[in-house]
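Single-structure report; data block below.
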Amino acid sequence: MSQKFYVIKDDNDSAATHPAVSLEKYQSELNASQLDAVTTTRGALLVVAGAGTGKTKTLTYRAGYLIESGIAAADILLLTFTRRAAREMLARASTLCDVRAAAIEGGTFHSYAHRMLRQYSNRLGFERGFTILDQSDSEDIIDLVRTSLNFHKKEKRFPKKSTLQNIISSGANKQLVVNDVVALSYPHFAHFTEEILLLATAYRDYKQTNALLDYDDLLTEFKRLLTSHTDIHEKISASIRHLMVDEYQDTNLVQDDLVRLLCKVHGNVMAVGDDAQSIYSFRGANFRNILDFPKKFADCKVIKLEENYRSTERILSLTNFVINQATEKFTKHLFTRTKPGGEFPAIVAAPDERFQSKFIAQMVLELREEGVGLDKMAVLMRSSRNSFELELELAKRKIPFVKYGGQKFTEAAHIKDVLAHLKIILNPKDVIAWNRALLLLEGIGPKTAQDFTTWVKQAQNPYNIEASDVSPKYIAATRGLAELLKSLSAGKEPAAKLIEKVVQYYLPLLRAKYFEDYPKREKDLENFIAIAQNHPSLEDLLAELALEPVDFSAVGTERSVDDEAPLVLSTIHSAKGLEWHSVFLLDALDGVIPSSYAVGDAAELDEELRLLYVALTRAKERLYISYPILSYQRAIQDYLTNPSRFIANVPPDLFERITLIDARQMPPPLPQSASQLSSPPKQLGHSDNSPSGGSDDLPF
DNA sequence: CAGACGACATTTTTT
DNA sequence: ATGTCGTCTG
């Protein structure tokens, strides 16, 4: 049956026709450009908002303004980069403007696509719903497919599963065919193009027959839903009277298409972003999407926000200089009227990584003495492992911290083990999950596990392992597992209860598998149960964990009332959109930022520069850029490093140089340096700030 | 065929 | 410093 929808447009939804909204509040709180953006509610609008120019504020007020003009919250869709961003924005909107704002639909492209796909899954041929694959799930399937195609036995080294996953995913995100991805980004695997192509097809087929969707499929299938079902497209699009998209510079081509599809009926769409902060091209993001936005909509209005409210003038001067080194120029020039002067940003050359860590730890404590809360400071890095050394130092000084970015909670081996059992409950034919659960058992290896899973695939009742055709010797080994699964599938218990039971069963296995460090892992399992408390349904919990992965080290750090809020450690990517009183950038080295990976490609170098720009523009009052002069690489000897090329040529009047001095070899006090711009060397290692008393400070 | 051991490469960033 | 892959042994 086909049904046609014809939408009667409401020509009455312009705020101008609702004089009831009092503009006073908006006029007094917003500058002219922001106000313009907030009150322009019809048609297409692009807001190019530089760092710290009140982008979030503008979005928030606009949401409130729409509500006050009589738009129902449910008719507004706010797409943001993370769900956390959406939540924060809506919470703010509801306190600042109107409680109804909390009811606005919001989330990431992926989570919105997921919601819609669930709603219409039958129309796409998923009769019994579908399961979301996170990255490692998808790698596991690729691995399975690869083995079944016998590609692992090639004479030459076949790309490993994560590389293959990357190739396939870039294809989806950049809308390229596999051949082109390999030719463009993986030329060293060109001789495997045939095989990779076969594998990609087999992977797609596997997902199809098992009703599985990976991250990329969520977007592409959603697009397919809209383009191949006119009635659904009309219905969804009609329900979105106002569409707002944040961080537009980080959308990829599919998302860009989705935006145009979603606003088809009403045409009210606002994109917000900053081309100078595009940092996700590895995921198919293209900052041309934001530049080309006006071309794609007739009569698109463009508003620029250039007045910065976040950073001091001196920080801004440095960041402006940094971004101007881009080969592809940006047109914005940020300025401040509200925060003239300020401290000079500091560039800190540390003798080695340990000194760098000590400097940061000591400076953090000093700032705290000055009254800056730990959570008002952040240490940012290019890659999550740049901070290992620092983490040791912080732990030693008992400075509490949380780390964002890096390994995700569900990626830890022991969590994956528990998840595998839960997935079997959800889908008794989940071969990958079975495989993982079986391999944990004593006496069962890859071959036997495979024999079991072959049987599981066609079994009437997969939990009835005794009935399988595998040798009784091995069946005996699976007794405990079989009992567990039967008891779990029996009742409809809440997710947390199920996890608790799995954990109980798993603990002995955990202790055997990780006899060195199982106590830490047991804590994680407890946290897992705690996380599950808010999710009655196991299915919801797993979907949420896939769509909004929890940062590993941020788990279990919810502080009790009297605990001090922890210092923030974060990758630059995860720091997007946030701000702190003081920001430290770690390891500002050539080869780290820019990553050695990017050197040699102008476009990639530009992206690294933007990344540095994002890091530096997070700072409100204080900014410290540090790097070690000496570093050690793997088993090789220590070697001398170069500071990042992006900070090597900063004019001396834009920053202050700090040289670290070993307290044990304190030089005689220097006379004030001739240049008023350079400060006397900072002394390090003599701090009494250490909460543990300082006596266990290492000698310098 | 399970499981241990050793060689080897391999290092971003995230929904 | 780690994980992945291949090989060897019992």
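Quick note on naming: the chains in the structure tokens go A, B, ... in the order shown, residues restart at 1 in each chain, and ligands are numbered from 1 in order of appearance.
All residues of protein, DNA or RNA that reach within 9 Å of region 1-5 of chain C, judged by only C-alpha atoms (C1' of nucleotides) and not counting those fewer than 3 positions away in the chain, are Lys160 and Arg634 of chain A; DA7, DC8, DA9 and DT10 of chain B.
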Sorted per-residue table, chain A near chain B, closest atoms and distance, 8 Å, only C-alpha atoms (C1' of nucleotides), as CSV:
residue,atom,partner,partner_atom,distance
A:His110,CA,B:DT15,C1',6.6
A:Tyr215,CA,B:DT15,C1',6.5
A:Tyr280,CA,B:DT13,C1',7.4
A:Phe282,CA,B:DT13,C1',7.7
A:Arg283,CA,B:DT14,C1',7.9
A:Arg382,CA,B:DT12,C1',7.3
A:Ser383,CA,B:DT12,C1',5.8
A:Gly443,CA,B:DA2,C1',6.3
A:Ile444,CA,B:DA2,C1',6.7
A:Gly445,CA,B:DA2,C1',5.4
A:Lys447,CA,B:DC1,C1',7.0
A:Leu547,CA,B:DT15,C1',6.5
A:Glu548,CA,B:DT15,C1',7.6
A:Thr571,CA,B:DT13,C1',8.0
A:His573,CA,B:DT13,C1',6.1
A:Ser595,CA,B:DT12,C1',7.6
Could you give me, as number ranges by chain, the residues within 9 Å of Ala546 (chain A), counting only C-alpha atoms (C1' of nucleotides) and dropping anything in the same chain fewer than 6 positions from it?
A: 132-135, 215, 410; B: 15
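Using only C-alpha atoms, the smallest distance between any of A:Ala183, A:Leu124, A:Leu438, A:Ile236 and Tyr506 (chain A) comes from A:Leu438.
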Option closest in space to chain C, from A:Thr39, A:Ser162, A:Asn461, A:Gln325 [counting only C-alpha atoms (C1' of nucleotides)]:
A:Ser162
Between A:Leu481, A:Leu640, A:Leu630, A:Leu334, smallest distance to Phe321 (chain A) by only C-alpha atoms belongs to A:Leu334
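Residues of region 298-542 of chain A assigned to strand (DSSP E) by DSSP on this structure's backbone: Lys301, Val302, Ile303, Lys304, Leu305, Ala346, Ile347, Val348, Ala349, Ala350, Pro351, Asp352, Met377, Ala378, Val379, Leu380, Met381, Phe401, Val402, Lys403 and Tyr404 of chain A.
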